[in-house]
file structure_16.txt (compact mmCIF, C-alpha atoms and all ligand atoms)
# COMPACT_ATOMS: atom_id res chain seq x y z
CA MET A 18 4.02 -7.71 53.09
CA ASN A 19 5.09 -4.22 51.87
CA ILE A 20 5.40 -3.69 48.14
CA LEU A 21 6.91 -0.71 46.40
CA VAL A 22 5.30 0.01 43.02
CA ILE A 23 7.42 1.94 40.53
CA ASN A 24 6.57 3.59 37.24
CA ALA A 25 9.89 4.74 35.78
CA GLY A 26 9.92 7.16 32.86
CA SER A 27 12.96 8.62 31.13
CA SER A 28 13.00 11.72 33.35
CA SER A 29 10.54 10.87 36.09
CA LEU A 30 9.86 8.10 38.57
CA LYS A 31 6.53 7.66 40.35
CA PHE A 32 6.13 5.38 43.34
CA GLN A 33 3.56 4.02 45.80
CA LEU A 34 4.25 1.87 48.83
CA TYR A 35 1.53 -0.66 49.67
CA ASN A 36 0.90 -2.68 52.79
CA MET A 37 -0.62 -5.77 51.18
CA ASP A 38 -2.16 -7.05 54.43
CA ASN A 39 -4.95 -4.49 53.88
CA GLU A 40 -3.96 -2.99 50.48
CA GLU A 41 -3.38 0.36 52.18
CA VAL A 42 -1.18 2.95 50.44
CA LEU A 43 1.44 3.89 53.06
CA ALA A 44 3.04 6.61 50.96
CA LYS A 45 3.32 7.83 47.40
CA GLY A 46 5.25 10.40 45.43
CA LYS A 47 7.48 11.10 42.49
CA VAL A 48 10.88 12.32 41.35
CA GLU A 49 10.65 14.64 38.35
CA ARG A 50 13.33 16.10 36.08
CA ILE A 51 15.76 13.21 36.58
CA GLY A 52 19.03 14.14 34.84
CA MET A 53 18.97 17.71 36.20
CA GLU A 54 20.62 19.46 39.12
CA THR A 55 17.19 20.79 40.04
CA ALA A 56 15.12 17.62 40.13
CA ILE A 57 11.86 17.89 42.08
CA LEU A 58 11.03 15.37 44.79
CA SER A 59 7.56 15.03 46.21
CA TYR A 60 6.45 12.56 48.83
CA ASP A 61 3.09 12.12 50.56
CA PRO A 62 2.81 9.62 53.40
CA ALA A 63 -0.67 8.66 54.60
CA GLU A 64 -1.76 10.75 57.59
CA ARG A 65 1.52 12.63 57.86
CA GLN A 66 3.04 15.75 56.39
CA GLY A 67 4.74 15.31 53.04
CA ILE A 68 8.06 16.50 51.60
CA ARG A 69 8.75 18.82 48.64
CA GLU A 70 12.41 19.23 47.79
CA VAL A 71 14.69 20.30 44.94
CA ALA A 72 17.86 18.21 44.64
CA GLU A 73 20.47 17.04 42.16
CA VAL A 74 19.31 13.72 40.70
CA LEU A 75 21.39 12.85 37.67
CA GLU A 76 20.24 9.28 37.14
CA HIS A 77 17.68 6.68 38.22
CA THR A 78 19.88 5.02 40.85
CA THR A 79 20.02 8.34 42.72
CA ALA A 80 16.27 8.76 42.25
CA ILE A 81 15.65 5.43 44.00
CA GLN A 82 18.09 6.43 46.76
CA LYS A 83 16.04 9.60 47.27
CA VAL A 84 12.78 7.63 47.34
CA LEU A 85 14.19 5.25 49.97
CA GLY A 86 15.50 8.25 51.92
CA MET A 87 12.02 9.78 52.01
CA LEU A 88 10.33 6.48 52.94
CA MET A 89 12.76 6.11 55.87
CA HIS A 90 12.90 9.82 56.81
CA LYS A 91 13.17 10.25 60.58
CA ASP A 92 10.22 12.67 60.76
CA HIS A 93 8.15 11.91 57.66
CA GLY A 94 9.08 8.29 56.95
CA VAL A 95 6.79 5.25 57.06
CA LEU A 96 9.56 2.63 57.24
CA SER A 97 12.36 2.19 59.74
CA SER A 98 14.55 0.10 57.47
CA MET A 99 14.87 -0.93 53.84
CA LYS A 100 14.31 -4.53 54.99
CA GLU A 101 10.63 -3.65 55.41
CA ILE A 102 10.24 -3.56 51.60
CA ASP A 103 9.53 -7.16 50.59
CA ALA A 104 9.30 -6.72 46.84
CA VAL A 105 9.19 -4.13 44.07
CA GLY A 106 6.66 -4.14 41.20
CA HIS A 107 7.33 -2.19 37.99
CA ARG A 108 5.06 -1.01 35.23
CA VAL A 109 6.53 -1.95 31.85
CA VAL A 110 4.79 -0.63 28.75
CA HIS A 111 5.84 -3.22 26.17
CA GLY A 112 6.03 -6.96 26.70
CA GLY A 113 5.80 -7.78 22.98
CA GLU A 114 4.66 -11.32 22.25
CA SER A 115 6.90 -12.73 24.96
CA PHE A 116 4.80 -11.86 27.99
CA SER A 117 1.11 -12.57 28.45
CA SER A 118 1.24 -12.11 32.22
CA SER A 119 3.39 -10.55 34.93
CA VAL A 120 6.73 -12.21 35.78
CA ILE A 121 9.49 -12.13 38.37
CA VAL A 122 12.55 -10.29 37.04
CA ASN A 123 15.61 -12.37 36.15
CA GLU A 124 18.42 -11.96 33.60
CA GLU A 125 16.33 -13.43 30.79
CA VAL A 126 13.39 -11.10 31.50
CA LYS A 127 15.73 -8.10 31.44
CA ARG A 128 17.23 -9.29 28.14
CA GLU A 129 13.75 -9.55 26.66
CA ILE A 130 12.72 -6.06 27.85
CA ARG A 131 15.92 -4.78 26.20
CA ARG A 132 15.16 -6.67 22.98
CA LEU A 133 11.82 -4.82 22.87
CA PHE A 134 13.43 -1.35 22.99
CA ASP A 135 12.71 -0.92 19.28
CA LEU A 136 8.97 -1.32 19.83
CA ALA A 137 8.78 1.14 22.75
CA PRO A 138 11.81 3.41 22.45
CA LEU A 139 10.43 6.04 24.84
CA HIS A 140 9.34 3.64 27.56
CA ASN A 141 11.17 0.31 27.83
CA PRO A 142 14.69 1.79 28.20
CA ALA A 143 13.43 3.91 31.11
CA HIS A 144 11.73 0.91 32.74
CA LEU A 145 14.96 -1.08 32.55
CA LEU A 146 16.82 1.83 34.14
CA GLY A 147 14.26 1.69 36.96
CA ILE A 148 14.80 -2.06 37.43
CA GLN A 149 18.57 -1.65 37.46
CA ALA A 150 18.34 1.27 39.88
CA VAL A 151 16.38 -0.91 42.33
CA GLU A 152 18.96 -3.68 41.89
CA ASN A 153 21.76 -1.23 42.66
CA ASN A 154 20.09 -0.03 45.84
CA MET A 155 18.37 -3.23 47.03
CA PRO A 156 20.16 -6.19 45.43
CA ASP A 157 18.33 -8.83 47.48
CA VAL A 158 14.77 -7.59 46.97
CA PRO A 159 12.76 -9.53 44.35
CA GLN A 160 11.24 -7.53 41.51
CA VAL A 161 8.20 -8.16 39.33
CA VAL A 162 7.26 -6.59 36.00
CA VAL A 163 3.66 -5.97 34.93
CA PHE A 164 3.14 -5.26 31.23
CA ASP A 165 0.64 -2.84 29.63
CA THR A 166 0.43 -5.18 26.66
CA ALA A 167 -0.09 -8.48 28.53
CA PHE A 168 -3.90 -8.42 28.85
CA HIS A 169 -4.28 -7.98 25.09
CA GLN A 170 -2.19 -11.05 24.23
CA THR A 171 -5.46 -13.01 24.02
CA MET A 172 -6.43 -11.17 20.82
CA PRO A 173 -6.86 -13.53 17.86
CA PRO A 174 -4.69 -13.07 14.73
CA LYS A 175 -7.62 -11.50 12.82
CA SER A 176 -7.51 -8.63 15.36
CA TYR A 177 -3.79 -8.25 15.84
CA LEU A 178 -2.46 -8.63 12.29
CA TYR A 179 -2.35 -5.70 9.88
CA PRO A 180 -3.27 -6.39 6.25
CA ILE A 181 0.28 -5.72 5.04
CA PRO A 182 2.97 -8.19 3.83
CA MET A 183 3.40 -10.99 6.39
CA VAL A 184 7.15 -10.66 6.17
CA LEU A 185 6.87 -7.47 8.26
CA TYR A 186 5.20 -9.43 11.05
CA LYS A 187 7.53 -12.40 10.78
CA LYS A 188 10.76 -10.40 10.57
CA HIS A 189 9.94 -7.35 12.68
CA GLN A 190 6.90 -8.35 14.80
CA ILE A 191 4.84 -5.53 13.27
CA ARG A 192 1.34 -6.19 14.67
CA ARG A 193 -1.22 -4.76 17.08
CA TYR A 194 -0.16 -5.13 20.73
CA GLY A 195 -2.49 -2.67 22.46
CA PHE A 196 -1.76 -0.78 25.67
CA HIS A 197 -3.43 0.26 28.97
CA GLY A 198 -4.02 -3.50 29.43
CA THR A 199 -3.64 -3.35 33.21
CA SER A 200 -6.35 -0.70 33.36
CA HIS A 201 -8.73 -2.42 30.90
CA ALA A 202 -8.37 -5.67 32.88
CA TYR A 203 -8.91 -3.99 36.25
CA VAL A 204 -11.97 -1.89 35.39
CA SER A 205 -13.73 -4.64 33.43
CA GLU A 206 -13.32 -7.16 36.24
CA ARG A 207 -14.38 -4.61 38.88
CA ALA A 208 -17.44 -3.62 36.84
CA ALA A 209 -18.57 -7.25 36.42
CA ALA A 210 -18.04 -7.91 40.13
CA LEU A 211 -20.03 -4.82 41.15
CA ILE A 212 -23.07 -5.77 39.10
CA GLN A 213 -22.63 -9.38 40.26
CA LYS A 214 -22.41 -10.90 36.80
CA PRO A 215 -19.82 -13.51 35.76
CA PHE A 216 -16.87 -11.75 34.07
CA ASP A 217 -16.39 -14.73 31.74
CA LYS A 218 -19.92 -14.47 30.34
CA LEU A 219 -20.07 -10.77 29.45
CA LYS A 220 -19.53 -8.59 26.39
CA ILE A 221 -17.75 -5.48 27.68
CA VAL A 222 -16.32 -2.36 26.05
CA THR A 223 -13.90 -0.44 28.27
CA CYS A 224 -12.96 3.15 27.43
CA HIS A 225 -9.70 4.21 29.09
CA ILE A 226 -9.69 7.86 28.10
CA GLY A 227 -7.10 10.08 29.73
CA ASN A 228 -4.06 11.78 28.25
CA GLY A 229 -3.62 8.65 26.19
CA ALA A 230 -6.86 6.94 25.18
CA SER A 231 -7.84 3.46 24.09
CA CYS A 232 -10.87 1.22 24.17
CA ALA A 233 -11.04 -2.54 24.32
CA ALA A 234 -13.52 -5.27 23.40
CA ILE A 235 -13.60 -7.84 26.19
CA LEU A 236 -15.50 -11.01 25.37
CA ASN A 237 -16.01 -13.63 28.09
CA GLY A 238 -13.19 -12.16 30.18
CA ARG A 239 -10.61 -11.93 27.38
CA SER A 240 -9.46 -8.96 25.35
CA VAL A 241 -10.39 -9.67 21.73
CA ASP A 242 -9.60 -6.25 20.25
CA THR A 243 -8.24 -2.88 21.28
CA SER A 244 -7.78 0.45 19.55
CA MET A 245 -4.08 1.12 20.16
CA GLY A 246 -1.82 -0.79 17.83
CA MET A 247 1.86 -1.51 17.44
CA THR A 248 2.36 1.81 19.21
CA PRO A 249 0.08 3.96 21.40
CA LEU A 250 -0.58 6.29 18.45
CA GLU A 251 -3.30 4.28 16.72
CA GLY A 252 -7.01 4.37 17.46
CA LEU A 253 -8.90 7.11 19.26
CA MET A 254 -8.31 10.83 18.91
CA MET A 255 -6.37 11.87 22.04
CA GLY A 256 -5.17 15.04 23.76
CA THR A 257 -2.22 15.61 21.42
CA ARG A 258 -2.15 12.33 19.42
CA SER A 259 -3.99 11.91 16.14
CA GLY A 260 -5.20 8.32 16.52
CA ASP A 261 -6.31 6.77 13.20
CA ILE A 262 -5.46 8.62 10.00
CA ASP A 263 -4.94 7.53 6.42
CA PRO A 264 -1.34 6.22 6.42
CA ALA A 265 -0.79 7.86 3.01
CA ILE A 266 -0.99 11.26 4.75
CA VAL A 267 2.47 10.63 6.21
CA PRO A 268 4.51 10.57 2.96
CA PHE A 269 2.21 13.18 1.40
CA ALA A 270 2.62 15.69 4.25
CA MET A 271 6.34 14.95 4.45
CA GLY A 272 6.71 15.85 0.77
CA LYS A 273 4.49 18.95 0.83
CA GLU A 274 5.81 20.41 4.08
CA GLU A 275 9.37 19.06 3.75
CA LEU A 276 9.10 17.30 7.08
CA THR A 277 11.66 14.81 8.38
CA LEU A 278 10.60 11.50 9.91
CA ASN A 279 11.20 12.93 13.39
CA GLU A 280 9.09 15.97 12.60
CA VAL A 281 6.16 13.98 11.28
CA ASN A 282 6.39 11.66 14.29
CA SER A 283 6.32 14.62 16.63
CA MET A 284 3.43 16.20 14.69
CA LEU A 285 1.28 13.07 15.08
CA ASN A 286 2.19 12.42 18.72
CA LYS A 287 2.49 15.89 20.21
CA HIS A 288 0.73 18.40 17.96
CA SER A 289 -2.43 16.63 16.85
CA GLY A 290 -5.67 15.48 18.51
CA LEU A 291 -7.74 17.90 20.61
CA MET A 292 -4.81 20.33 20.66
CA ALA A 293 -4.57 20.60 16.87
CA ILE A 294 -8.29 20.99 16.19
CA SER A 295 -9.11 23.36 19.06
CA GLY A 296 -5.89 25.36 18.84
CA ILE A 297 -6.39 25.78 22.60
CA SER A 298 -5.33 22.71 24.56
CA GLY A 299 -5.11 18.93 24.68
CA ASP A 300 -6.83 18.98 28.07
CA MET A 301 -10.51 18.06 27.91
CA ARG A 302 -11.33 20.41 30.83
CA GLU A 303 -10.19 23.40 28.80
CA ILE A 304 -11.97 22.17 25.69
CA VAL A 305 -15.28 21.90 27.57
CA ARG A 306 -14.77 25.33 29.14
CA ALA A 307 -14.05 26.94 25.76
CA MET A 308 -16.97 25.07 24.18
CA GLU A 309 -19.33 26.40 26.84
CA ALA A 310 -18.02 29.90 26.11
CA GLY A 311 -19.01 29.39 22.46
CA ASP A 312 -15.63 28.60 20.89
CA ARG A 313 -16.30 26.85 17.55
CA ASN A 314 -12.96 25.11 17.22
CA ALA A 315 -13.25 23.69 20.74
CA THR A 316 -16.75 22.47 19.86
CA LEU A 317 -15.45 20.79 16.71
CA ALA A 318 -12.60 19.16 18.67
CA PHE A 319 -15.08 17.81 21.24
CA GLU A 320 -17.42 16.53 18.52
CA MET A 321 -14.62 14.76 16.66
CA TYR A 322 -13.34 13.17 19.88
CA GLU A 323 -16.80 11.90 20.80
CA TYR A 324 -17.66 10.76 17.25
CA ARG A 325 -14.46 8.78 16.80
CA LEU A 326 -14.87 7.07 20.18
CA ARG A 327 -18.53 6.27 19.43
CA LYS A 328 -17.57 4.61 16.14
CA TYR A 329 -15.17 2.32 18.03
CA ILE A 330 -17.86 1.40 20.56
CA GLY A 331 -20.18 0.52 17.66
CA ALA A 332 -17.45 -1.47 15.94
CA TYR A 333 -16.68 -3.46 19.09
CA ALA A 334 -20.38 -4.18 19.69
CA ALA A 335 -20.38 -5.62 16.15
CA ALA A 336 -17.10 -7.48 16.76
CA MET A 337 -18.65 -9.22 19.79
CA ASN A 338 -22.16 -9.50 18.32
CA GLY A 339 -23.54 -7.58 21.29
CA LEU A 340 -22.73 -5.46 24.30
CA ASP A 341 -23.70 -5.90 27.96
CA LEU A 342 -21.52 -3.39 29.72
CA LEU A 343 -19.84 -0.10 28.78
CA VAL A 344 -17.18 1.12 31.22
CA PHE A 345 -15.55 4.56 31.42
CA THR A 346 -12.25 5.18 33.17
CA ALA A 347 -9.16 7.48 33.38
CA GLY A 348 -9.11 11.31 33.55
CA VAL A 349 -11.72 12.08 30.88
CA GLY A 350 -13.77 8.91 31.33
CA GLU A 351 -14.08 9.32 35.10
CA ASN A 352 -14.68 13.06 35.12
CA SER A 353 -16.29 14.31 31.93
CA ALA A 354 -20.05 13.97 32.33
CA GLU A 355 -20.35 16.04 29.12
CA LEU A 356 -18.49 13.49 27.02
CA ARG A 357 -20.32 10.51 28.53
CA GLU A 358 -23.64 12.24 27.91
CA ALA A 359 -22.83 13.09 24.29
CA LEU A 360 -21.73 9.51 23.61
CA CYS A 361 -24.65 7.79 25.25
CA ARG A 362 -27.18 10.14 23.61
CA ASN A 363 -26.17 8.59 20.30
CA LEU A 364 -26.04 4.98 21.41
CA THR A 365 -29.74 4.62 22.20
CA PHE A 366 -30.15 2.37 19.12
CA LEU A 367 -28.36 -0.31 21.14
CA GLY A 368 -30.96 -0.06 23.90
CA LEU A 369 -28.64 2.02 26.06
CA GLU A 370 -30.29 4.53 28.37
CA LEU A 371 -28.20 6.93 30.43
CA ASP A 372 -29.41 8.00 33.89
CA GLU A 373 -28.76 11.70 33.41
CA HIS A 374 -28.91 12.43 37.12
CA ALA A 375 -26.40 9.70 38.03
CA ASN A 376 -24.12 10.78 35.18
CA VAL A 377 -23.63 14.32 36.48
CA GLN A 378 -23.15 13.37 40.16
CA ARG A 379 -19.63 14.41 41.17
CA SER A 380 -18.07 11.35 42.73
CA ASP A 381 -14.85 9.39 42.89
CA ALA A 382 -16.83 6.24 43.51
CA GLU A 383 -17.40 3.24 41.25
CA ARG A 384 -20.94 3.63 39.97
CA VAL A 385 -23.65 2.65 37.48
CA ILE A 386 -24.83 5.60 35.35
CA SER A 387 -27.45 3.84 33.18
CA THR A 388 -31.14 3.53 34.06
CA LYS A 389 -32.62 0.34 35.48
CA GLU A 390 -34.39 -0.24 32.14
CA SER A 391 -31.24 0.15 30.03
CA ARG A 392 -30.31 -3.01 28.09
CA ILE A 393 -26.64 -2.09 28.41
CA GLN A 394 -25.24 -1.15 31.77
CA VAL A 395 -22.95 1.87 31.77
CA MET A 396 -20.45 2.30 34.58
CA VAL A 397 -17.72 4.64 35.75
CA ILE A 398 -14.86 2.76 37.42
CA PRO A 399 -11.82 4.77 38.59
CA THR A 400 -8.77 2.91 37.36
CA ASN A 401 -6.03 1.77 39.72
CA GLU A 402 -3.07 0.40 37.79
CA GLU A 403 -0.75 0.67 40.81
CA LEU A 404 -2.99 -1.62 42.86
CA VAL A 405 -2.96 -4.24 40.08
CA ILE A 406 0.86 -4.07 39.97
CA ALA A 407 1.00 -4.44 43.77
CA ARG A 408 -1.42 -7.40 43.68
CA ASP A 409 0.42 -9.20 40.86
CA THR A 410 3.74 -8.67 42.65
CA HIS A 411 2.28 -9.95 45.92
CA ARG A 412 0.79 -13.03 44.22
CA LEU A 413 4.00 -13.96 42.37
CA ILE A 414 6.21 -13.47 45.43
CA LEU A 415 3.88 -15.59 47.60
CA ALA A 416 3.83 -18.33 44.92
CA ARG A 417 7.61 -18.29 44.75
CA GLU A 418 7.87 -18.58 48.53
CA GLU A 419 5.53 -21.60 48.45
CA ASP A 420 7.68 -23.19 45.73
CA VAL A 421 10.81 -22.73 47.82
CA VAL A 422 9.11 -24.27 50.87
P1 LIG A 501 -5.05 10.68 32.93
O1 LIG A 501 -4.08 10.49 31.80
O2 LIG A 501 -5.93 9.52 33.18
O3 LIG A 501 -4.42 11.24 34.17
O4 LIG A 501 -6.06 11.83 32.42
C1 LIG A 501 -5.65 13.17 32.30
C2 LIG A 501 -6.66 13.92 31.49
O5 LIG A 501 -7.94 13.82 32.09
C3 LIG A 501 -6.41 15.43 31.44
O6 LIG A 501 -5.55 15.78 30.41
C4 LIG A 501 -7.79 15.99 31.22
O7 LIG A 501 -7.98 16.15 29.83
C5 LIG A 501 -8.73 14.93 31.69
N1 LIG A 501 -9.56 15.41 32.80
C6 LIG A 501 -9.26 15.43 34.12
N2 LIG A 501 -10.28 15.96 34.84
C7 LIG A 501 -11.26 16.26 33.94
C8 LIG A 501 -12.58 16.83 34.05
N3 LIG A 501 -13.08 17.19 35.20
N4 LIG A 501 -13.27 16.98 32.89
C9 LIG A 501 -12.76 16.61 31.71
N5 LIG A 501 -11.55 16.09 31.55
C10 LIG A 501 -10.79 15.91 32.64
call {"tool": "encode", "arguments": {"input": "structure_16.txt", "output": "structure tokens", "more": "lines below"}}
Ligand code: AMP
result
Amino acid sequence: MNILVINAGSSSLKFQLYNMDNEEVLAKGKVERIGMETAILSYDPAERQGIREVAEVLEHTTAIQKVLGMLMHKDHGVLSSMKEIDAVGHRVVHGGESFSSSVIVNEEVKREIRRLFDLAPLHNPAHLLGIQAVENNMPDVPQVVVFDTAFHQTMPPKSYLYPIPMVLYKKHQIRRYGFHGTSHAYVSERAAALIQKPFDKLKIVTCHIGNGASCAAILNGRSVDTSMGMTPLEGLMMGTRSGDIDPAIVPFAMGKEELTLNEVNSMLNKHSGLMAISGISGDMREIVRAMEAGDRNATLAFEMYEYRLRKYIGAYAAAMNGLDLLVFTAGVGENSAELREALCRNLTFLGLELDEHANVQRSDAERVISTKESRIQVMVIPTNEELVIARDTHRLILAREEDVV
């Protein structure tokens, strides 16, 4: 069974085509600058030359047409006909309280994704455009949606409610949802499997730290807390996002600096975090480079990033009354030995002991980076959200076929 995985943004669309018989990626690529006459198409089939092209792509339906065109290209294609795509799986950021697992798309599911536009105004409208674009091009192909929020739906009310008037939750569903759920679920399960311990008997903290960053407390296989909240702004300090701040700063800064709501929103999402403190970049690679060259602001940015993450790890160890496994993933988590080292150096009180040699080994592999004596195992697990989407899609389509039979 071939499954096309799609991550549709407002002006970009990323895709990967999987052969689910062996979970091989047959091709992947993206369409960027959708809405422009000079959109950029890139396509990389396995073991064949790719395509780079500039073309007019004014909306998502055309973007999908282009993707299909590349997948079936006479020289570079991996498919001979559209019929070879059995199903499409989409990443959807916000599933609200309605979805605690992946589902097959129908009219009701689309209505619900639309109803949640308010909670994810930058993401859900784009995802729905992606779903409709697939429908326009391949009306008979079943589609599945996989939600970033679904894994965290197991959080208890004491984790997901904010201590503000209940009417705001009841009327407007203001609560913690959490994000990166697909990644937290994948890396925690992989980590448990690799060390051959039962996932449902472990206390795990997962740190998904990339451009966006969140950590999660996973107790006996279920997410019981996570650092992102109603939106992906809460929690850890990120590349350009502030993470936690005193909420009273918002009206105060608005008054003092005469900022509009849009401006303060943009300040907290795009001009804060590592970028704001270092004055250099929101990219951890550049922060580490500048720090090594002696830049004091970069050093402060790094220290704040590490300190804030460490406090969450401590809080989640307390939330679960213990910790067995600490997992790092995503761009910073997988690649920054410096950050992992700084964190673990200050977590020795938990009985955690980093294997400094293993930590600095350059590798894309899943690996343990704690010593044999360490009471807490520390692991690096490269995340693979696309594979989870492909697997969920495969599973749901097979189950539906069995039902029909
Ligand atoms: P992601 O959102 O998971 O793609 O992560 C992207 C982020 O990972 C980039 O913005 C970088 O800050 C970070 N990153 C990637 N490679 C490295 C590296 N070698 N060292 C530190 N940070 C890195």
call {"tool": "residues_near_ligand", "arguments": {"input": "structure_16.txt", "ligand": "ligand LIG 501 (chain A)", "cutoff": "6 Å", "atoms": "all atoms listed in the file", "output": "JSON, numbers by chain"}}
result
{"A": [227, 228, 229, 300, 301, 302, 347, 348, 349, 352, 353]}
call {"tool": "write_last_selection", "arguments": {"input": "structure_16.txt", "atoms": "C-alpha atoms", "output": "CSV table (one decimal), in the frame of the given file"}}
result
chain,number,residue,atom,x,y,z
A,227,GLY,CA,-7.1,10.1,29.7
A,228,ASN,CA,-4.1,11.8,28.2
A,229,GLY,CA,-3.6,8.6,26.2
A,300,ASP,CA,-6.8,19.0,28.1
A,301,MET,CA,-10.5,18.1,27.9
A,302,ARG,CA,-11.3,20.4,30.8
A,347,ALA,CA,-9.2,7.5,33.4
A,348,GLY,CA,-9.1,11.3,33.6
A,349,VAL,CA,-11.7,12.1,30.9
A,352,ASN,CA,-14.7,13.1,35.1
A,353,SER,CA,-16.3,14.3,31.9
call {"tool": "closest_residue", "arguments": {"input": "structure_16.txt", "among": "A:Leu145, A:Ala375, A:Ile57, A:Val267", "to": "Thr78 (chain A)", "atoms": "only C-alpha atoms"}}
result
A:Leu145
call {"tool": "axis_aligned_box", "arguments": {"input": "structure_16.txt", "around": "region 153-166 of chain A", "padding_each_side": "4 Å", "output": "JSON"}}
result
{"center_x": 11.1, "center_y": -4.8, "center_z": 37.1, "size_x": 29.3, "size_y": 17.5, "size_z": 28.8}
call {"tool": "closest_residue", "arguments": {"input": "structure_16.txt", "among": "A:Ala307, A:Met284, A:Thr243, A:Arg108", "to": "Ile266 (chain A)", "atoms": "all atoms listed in the file"}}
result
A:Met284
call {"tool": "atom_distance", "arguments": {"input": "structure_16.txt", "atom1": "CA of Val126 (chain A)", "atom2": "CA of Asn141 (chain A)"}}
result
12.2 Å
call {"tool": "atom_distance", "arguments": {"input": "structure_16.txt", "atom1": "CA of Glu114 (chain A)", "atom2": "CA of Gly350 (chain A)"}}
result
28.8 Å
call {"tool": "atom_distance", "arguments": {"input": "structure_16.txt", "atom1": "CA of Ser115 (chain A)", "atom2": "CA of Ile130 (chain A)"}}
result
9.3 Å
call {"tool": "closest_residue", "arguments": {"input": "structure_16.txt", "among": "A:Gln149, A:Ser119, A:Ser231, A:Ser28", "to": "Ile51 (chain A)", "atoms": "only C-alpha atoms"}}
result
A:Ser28
call {"tool": "residues_around", "arguments": {"input": "structure_16.txt", "residues": "His225 (chain A)", "least_positions_apart": "6", "cutoff": "12 Å", "atoms": "only C-alpha atoms", "output": "JSON, numbers by chain"}}
result
{"A": [195, 196, 197, 198, 199, 200, 201, 202, 203, 204, 205, 231, 232, 233, 234, 243, 244, 245, 252, 253, 255, 326, 343, 344, 345, 346, 347, 348, 349, 350, 351, 352, 397, 398, 399, 400, 401, 402]}
call {"tool": "residues_near_point", "arguments": {"input": "structure_16.txt", "point": "(4.6, -16.8, 29.8)", "cutoff": "12 Å", "atoms": "all atoms listed in the file", "output": "list in words"}}
result
Gly112, Gly113, Glu114, Ser115, Phe116, Ser117, Ser118, Ser119, Val120, Ile121, Val126, Phe164, Ala167, Phe168 and Gln170 of chain A
call {"tool": "closest_atom_pairs", "arguments": {"input": "structure_16.txt", "of": "region 144-195 of chain A", "to": "region 82-105 of chain A", "cutoff": "7 Å", "atoms": "all atoms listed in the file", "output": "Markdown table"}}
result
| residue | atom | partner | partner_atom | distance |
| --- | --- | --- | --- | --- |
| A:Asn154 | CA | A:Gln82 | CA | 6.8 |
| A:Val158 | CA | A:Ala104 | CA | 5.5 |
| A:Pro159 | CA | A:Ala104 | CA | 5.1 |
| A:Gln160 | CA | A:Val105 | CA | 4.7 |
| A:Val161 | CA | A:Val105 | CA | 6.3 |
call {"tool": "closest_residue", "arguments": {"input": "structure_16.txt", "among": "A:Met37, A:Phe134, A:His374, A:Lys31", "to": "Leu415 (chain A)", "atoms": "only C-alpha atoms"}}
result
A:Met37
call {"tool": "closest_residue", "arguments": {"input": "structure_16.txt", "among": "A:Ile20, A:Ala382, A:Leu75, A:Ala80", "to": "Lys47 (chain A)", "atoms": "only C-alpha atoms"}}
result
A:Ala80
call {"tool": "residues_around", "arguments": {"input": "structure_16.txt", "residues": "Leu364 (chain A)", "least_positions_apart": "4", "cutoff": "9 Å", "atoms": "all atoms listed in the file", "output": "list in words"}}
result
Arg327, Ile330, Gly331, Leu360, Gly368, Leu369 and Glu370 of chain A
call {"tool": "residues_around", "arguments": {"input": "structure_16.txt", "residues": "Leu136 (chain A)", "least_positions_apart": "3", "cutoff": "10 Å", "atoms": "only C-alpha atoms", "output": "PDB file with C-alpha atoms, keeping the file's coordinate frame"}}
result
ATOM      1  CA  VAL A 110       4.790  -0.630  28.750  1.00  0.00           C
ATOM      2  CA  HIS A 111       5.840  -3.220  26.170  1.00  0.00           C
ATOM      3  CA  GLY A 112       6.030  -6.960  26.700  1.00  0.00           C
ATOM      4  CA  GLY A 113       5.800  -7.780  22.980  1.00  0.00           C
ATOM      5  CA  ARG A 132      15.160  -6.670  22.980  1.00  0.00           C
ATOM      6  CA  LEU A 133      11.820  -4.820  22.870  1.00  0.00           C
ATOM      7  CA  LEU A 139      10.430   6.040  24.840  1.00  0.00           C
ATOM      8  CA  HIS A 140       9.340   3.640  27.560  1.00  0.00           C
ATOM      9  CA  ASN A 141      11.170   0.310  27.830  1.00  0.00           C
ATOM     10  CA  HIS A 189       9.940  -7.350  12.680  1.00  0.00           C
ATOM     11  CA  GLN A 190       6.900  -8.350  14.800  1.00  0.00           C
ATOM     12  CA  ILE A 191       4.840  -5.530  13.270  1.00  0.00           C
ATOM     13  CA  TYR A 194      -0.160  -5.130  20.730  1.00  0.00           C
ATOM     14  CA  MET A 247       1.860  -1.510  17.440  1.00  0.00           C
ATOM     15  CA  THR A 248       2.360   1.810  19.210  1.00  0.00           C
TER      16      THR A 248
END
call {"tool": "closest_residue", "arguments": {"input": "structure_16.txt", "among": "A:Ser27, A:Val281, A:Leu21, A:Arg131", "to": "Glu40 (chain A)", "atoms": "all atoms listed in the file"}}
result
A:Leu21
call {"tool": "residues_near_point", "arguments": {"input": "structure_16.txt", "point": "(-13.9, -7.8, 20.5)", "cutoff": "7 Å", "atoms": "all atoms listed in the file", "output": "PyMOL selection string"}}
result
chain A and resi 234-236+240-242+333+336-337
call {"tool": "decode", "arguments": {"input": "structure_16.txt", "residues": "region 63-73 of chain A", "atoms": "C-alpha atoms", "output": "short mmCIF file (atom, residue, chain, number, x, y, z; two decimals), in the first residue's frame"}}
result
data_model
loop_
_atom_site.label_atom_id
_atom_site.label_comp_id
_atom_site.auth_asym_id
_atom_site.auth_seq_id
_atom_site.Cartn_x
_atom_site.Cartn_y
_atom_site.Cartn_z
CA ALA A 63 14.85 7.63 -3.67
CA GLU A 64 17.81 6.57 -5.81
CA ARG A 65 16.98 8.91 -8.67
CA GLN A 66 17.72 12.48 -9.62
CA GLY A 67 15.38 15.07 -8.16
CA ILE A 68 13.59 18.10 -9.61
CA ARG A 69 13.94 21.80 -8.72
CA GLU A 70 11.53 24.09 -10.53
CA VAL A 71 9.98 27.55 -10.29
CA ALA A 72 6.32 27.67 -11.35
CA GLU A 73 3.10 29.59 -10.83
#
